[in-house]
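Listing of my_file-v1.cif, mmCIF, C-alpha atoms and all ligand atoms
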```cif
data_structure
loop_
_atom_site.group_PDB
_atom_site.id
_atom_site.type_symbol
_atom_site.label_atom_id
_atom_site.label_comp_id
_atom_site.auth_asym_id
_atom_site.auth_seq_id
_atom_site.Cartn_x
_atom_site.Cartn_y
_atom_site.Cartn_z
ATOM 1 C CA MET A 1 76.174 78.774 38.513
ATOM 2 C CA TYR A 2 73.176 76.895 37.287
ATOM 3 C CA LEU A 3 70.741 79.462 35.971
ATOM 4 C CA TYR A 4 67.454 78.125 34.696
ATOM 5 C CA GLN A 5 66.835 79.647 31.280
ATOM 6 C CA GLY A 6 64.464 77.273 29.511
ATOM 7 C CA GLN A 7 61.049 78.219 28.224
ATOM 8 C CA ASN A 8 59.553 74.736 28.091
ATOM 9 C CA LEU A 9 56.755 74.436 30.654
ATOM 10 C CA ILE A 10 57.049 70.646 30.925
ATOM 11 C CA ALA A 11 60.806 70.837 31.537
ATOM 12 C CA PHE A 12 60.250 73.587 34.109
ATOM 13 C CA ALA A 13 57.581 71.521 35.885
ATOM 14 C CA ASP A 14 59.927 68.506 35.894
ATOM 15 C CA CYS A 15 62.737 70.599 37.354
ATOM 16 C CA PHE A 16 60.608 72.166 40.103
ATOM 17 C CA LYS A 17 58.289 69.399 41.256
ATOM 18 C CA LEU A 18 58.292 70.351 44.946
ATOM 19 C CA ASP A 19 58.850 73.425 47.112
ATOM 20 C CA GLU A 20 62.122 71.772 48.176
ATOM 21 C CA ASN A 21 63.372 71.768 44.566
ATOM 22 C CA CYS A 22 62.762 75.518 44.415
ATOM 23 C CA LYS A 23 64.606 76.082 47.689
ATOM 24 C CA GLU A 24 67.523 73.925 46.514
ATOM 25 C CA TYR A 25 67.704 76.105 43.420
ATOM 26 C CA LEU A 26 67.772 79.220 45.630
ATOM 27 C CA VAL A 27 70.574 77.694 47.735
ATOM 28 C CA HIS A 28 72.650 77.335 44.580
ATOM 29 C CA MET A 29 71.812 80.839 43.393
ATOM 30 C CA LYS A 30 72.332 82.509 46.756
ATOM 31 C CA TRP A 31 75.098 80.784 48.674
ATOM 32 C CA LEU A 32 77.115 78.302 46.671
ATOM 33 C CA GLU A 33 78.597 81.022 44.470
ATOM 34 C CA GLY A 34 79.579 83.157 47.437
ATOM 35 C CA TYR A 35 77.973 83.768 50.798
ATOM 36 C CA GLU A 36 77.841 87.181 52.397
ATOM 37 C CA CYS A 37 76.132 87.772 55.745
ATOM 38 C CA LEU A 38 73.230 90.219 55.420
ATOM 39 C CA ARG A 39 74.013 91.711 58.821
ATOM 40 C CA CYS A 40 77.823 92.017 58.956
ATOM 41 C CA GLY A 41 79.112 91.182 55.469
ATOM 42 C CA ASN A 42 81.201 88.221 56.675
ATOM 43 C CA LYS A 43 81.866 85.669 53.960
ATOM 44 C CA ILE A 44 82.158 82.498 56.044
ATOM 45 C CA TYR A 45 79.112 80.566 57.189
ATOM 46 C CA GLN A 46 77.943 77.233 58.415
ATOM 47 C CA THR A 47 74.919 75.363 57.232
ATOM 48 C CA ARG A 48 72.219 75.393 59.897
ATOM 49 C CA SER A 49 69.775 73.271 57.988
ATOM 50 C CA ILE A 50 69.317 72.466 54.329
ATOM 51 C CA PHE A 51 67.705 75.832 53.716
ATOM 52 C CA SER A 52 69.300 78.145 56.261
ATOM 53 C CA SER A 53 72.779 79.323 57.154
ATOM 54 C CA VAL A 54 74.514 80.817 60.183
ATOM 55 C CA CYS A 55 77.176 83.521 59.958
ATOM 56 C CA ASN A 56 80.433 82.431 61.615
ATOM 57 C CA LYS A 57 81.087 85.945 62.924
ATOM 58 C CA CYS A 58 77.759 87.332 64.200
ATOM 59 C CA SER A 59 75.630 84.145 64.290
ATOM 60 C CA TYR A 60 72.970 85.717 62.105
ATOM 61 C CA ILE A 61 70.601 83.019 60.900
ATOM 62 C CA GLU A 62 69.399 83.492 57.369
ATOM 63 C CA SER A 63 66.808 81.492 55.494
ATOM 64 C CA VAL A 64 67.372 80.809 51.833
ATOM 65 C CA THR A 65 64.409 82.991 50.902
ATOM 66 C CA ALA A 66 65.532 85.990 52.988
ATOM 67 C CA ASN A 67 66.312 89.051 50.888
ATOM 68 C CA THR A 68 64.890 87.410 47.779
ATOM 69 C CA LEU A 69 61.683 87.766 45.829
ATOM 70 C CA PHE A 70 60.379 84.708 47.649
ATOM 71 C CA HIS A 71 60.747 86.068 51.169
ATOM 72 C CA LYS A 72 57.605 85.496 53.251
ATOM 73 C CA VAL A 73 55.688 83.968 50.373
ATOM 74 C CA LYS A 74 52.790 82.238 52.119
ATOM 75 C CA PHE A 75 51.155 80.492 49.170
ATOM 76 C CA GLY A 76 54.033 78.134 48.363
ATOM 77 C CA ILE A 77 57.330 78.894 46.753
ATOM 78 C CA ARG A 78 56.600 76.512 43.873
ATOM 79 C CA LYS A 79 53.541 78.538 42.861
ATOM 80 C CA ALA A 80 55.675 81.678 43.100
ATOM 81 C CA PHE A 81 58.269 80.055 40.815
ATOM 82 C CA PHE A 82 55.540 79.230 38.305
ATOM 83 C CA ILE A 83 54.233 82.800 38.362
ATOM 84 C CA CYS A 84 57.776 84.021 37.672
ATOM 85 C CA PHE A 85 58.127 81.472 34.888
ATOM 86 C CA GLU A 86 54.853 82.533 33.264
ATOM 87 C CA MET A 87 55.740 86.200 33.560
ATOM 88 C CA SER A 88 59.197 85.719 32.092
ATOM 89 C CA THR A 89 58.263 83.453 29.208
ATOM 90 C CA THR A 90 55.313 85.270 27.710
ATOM 91 C CA THR A 91 55.253 88.370 25.601
ATOM 92 C CA LYS A 92 51.599 88.987 26.420
ATOM 93 C CA SER A 93 50.476 91.007 29.381
ATOM 94 C CA LEU A 94 49.145 88.708 32.067
ATOM 95 C CA SER A 95 46.232 89.583 34.300
ATOM 96 C CA ALA A 96 46.173 88.721 37.972
ATOM 97 C CA ASN A 97 42.887 86.913 37.412
ATOM 98 C CA TYR A 98 44.450 84.687 34.729
ATOM 99 C CA MET A 99 47.494 83.954 36.869
ATOM 100 C CA ALA A 100 45.296 83.186 39.886
ATOM 101 C CA GLN A 101 43.452 80.559 37.892
ATOM 102 C CA ARG A 102 46.637 79.131 36.396
ATOM 103 C CA CYS A 103 48.483 78.774 39.694
ATOM 104 C CA GLY A 104 45.671 78.149 42.162
ATOM 105 C CA VAL A 105 45.983 81.293 44.259
ATOM 106 C CA THR A 106 43.555 84.125 44.921
ATOM 107 C CA GLU A 107 43.452 87.050 42.538
ATOM 108 C CA LYS A 108 44.630 89.345 45.330
ATOM 109 C CA THR A 109 47.632 87.099 46.016
ATOM 110 C CA ALA A 110 48.470 86.905 42.319
ATOM 111 C CA ARG A 111 48.188 90.684 41.933
ATOM 112 C CA PHE A 112 50.394 91.312 44.982
ATOM 113 C CA PHE A 113 53.092 88.852 43.936
ATOM 114 C CA MET A 114 53.086 89.945 40.281
ATOM 115 C CA HIS A 115 53.542 93.525 41.460
ATOM 116 C CA LYS A 116 56.437 92.363 43.655
ATOM 117 C CA VAL A 117 58.042 90.606 40.665
ATOM 118 C CA ARG A 118 57.729 93.723 38.499
ATOM 119 C CA GLU A 119 59.232 95.894 41.230
ATOM 120 C CA TYR A 120 62.090 93.433 41.745
ATOM 121 C CA GLN A 121 63.289 93.410 38.126
HETATM 122 ZN ZN ZN A 201 77.310 88.078 60.147
#
```
Could you express the structure from this file as C-alpha cells?
Amino acid sequence: MYLYQGQNLIAFADCFKLDENCKEYLVHMKWLEGYECLRCGNKIYQTRSIFSSVCNKCSYIESVTANTLFHKVKFGIRKAFFICFEMSTTTKSLSANYMAQRCGVTEKTARFFMHKVREYQ
C-alpha cells in the first residue's frame, strides 16, 4: 500500500495537484488492498467508474469517499487533504481561522472539518 508519509509541503502539493489525484489516492487506500462491501461484506466488486464500485452480490454502489473522512466534503477534497496535511505535520495548535485563510474556505467550514478530523483519529 502506498501511504503518503512525507512532511514536505511542496512534495505534497506536487503529489495532490487535483481533486482527482486525491480520489486516486483514496482508491488505492480503500479498494486495491482489499474491497469489502459496506452493505453485505462481500469481497468481490466491479468498477463502476474511476471513483466508484459496485458489489457483485448486492449491487451496492459505493463512492470512493463513502465511509471516509472525505465523505460529503463540499469544499473540494484537495482542500480537505491539505487541511489534513497541515494538521498532521505541525506540532502547533491550529486555529480554524488560520486554516480557513490557508486553504481558502470559510472559518465555519474549517472548524467543522477540523473537528471531523480530530474525531476520526
Ligand atoms: Zn454487497
Going by the chain IDs and residue numbers used in this file, which residues fall under the PyMOL selection byres (((chain A and resi 51) around 8) and not hetatm)? Write them as a PyMOL selection string. chain A and resi 23-24+27+48-50+52-53+63-64
With all atoms listed in the file as the counted atoms, please give the residues lying no more than 10 Å from A:Gln7, apart from itself and same-chain residues fewer than 3 positions off, as a PyMOL selection string. chain A and resi 4+10-12+85-86+88-90
Counting all atoms listed in the file, which residue out of A:Tyr45, A:Ala110, A:Glu119, A:Leu3 sits closest to A:Ala80?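 Nearest candidate to A:Ala80 out of A:Tyr45, A:Ala110, A:Glu119, A:Leu3: A:Ala110.
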Using only C-alpha atoms and all ligand atoms, find each protein or nucleic acid residue lying at most 12 Å from ligand ZN 201 (chain A); present the set as a ChimeraX atom specification. /A:35-46,53-62
Test item: the PyMOL selection byres (((chain A and resi 87) around 12) and not hetatm) resolved as a PyMOL selection string: chain A and resi 7+80-86+88-96+98-99+102+110+113-118+121
Which is closest to A:Cys22 among A:Gln5, A:Thr106, A:Thr65, A:Thr47, if we use all atoms listed in the file? A:Thr65
Could you work out how far atom CA of A:Thr68 lies from atom CA of A:Glu20, giving the answer in Å with one decimal? 15.9 Å
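Atom to atom, atom CA of A:Tyr25 and atom CA of A:Leu69 stand 13.3 Å apart.
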With only C-alpha atoms as the atoms that count, which of A:Phe75, A:Tyr120, A:Leu26, A:Phe16 lies nearest to A:Lys108?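 Among A:Phe75, A:Tyr120, A:Leu26, A:Phe16, it is A:Phe75 that comes nearest to A:Lys108.
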Have a look at atom CA of A:Thr109 and atom CA of A:Asn21 and let me know their distance in Å, one decimal. 22.0 Å
Build an axis-aligned box that encloses every atom of stretch 101-113 of chain A listed in the file, pad it by 8 Å on each side, and report its centre and edge lengths in Å to one decimal, as AutoDock Vina command-line options.
```
--center_x 48.3 --center_y 84.7 --center_z 41.2 --size_x 25.6 --size_y 29.2 --size_z 25.6
```
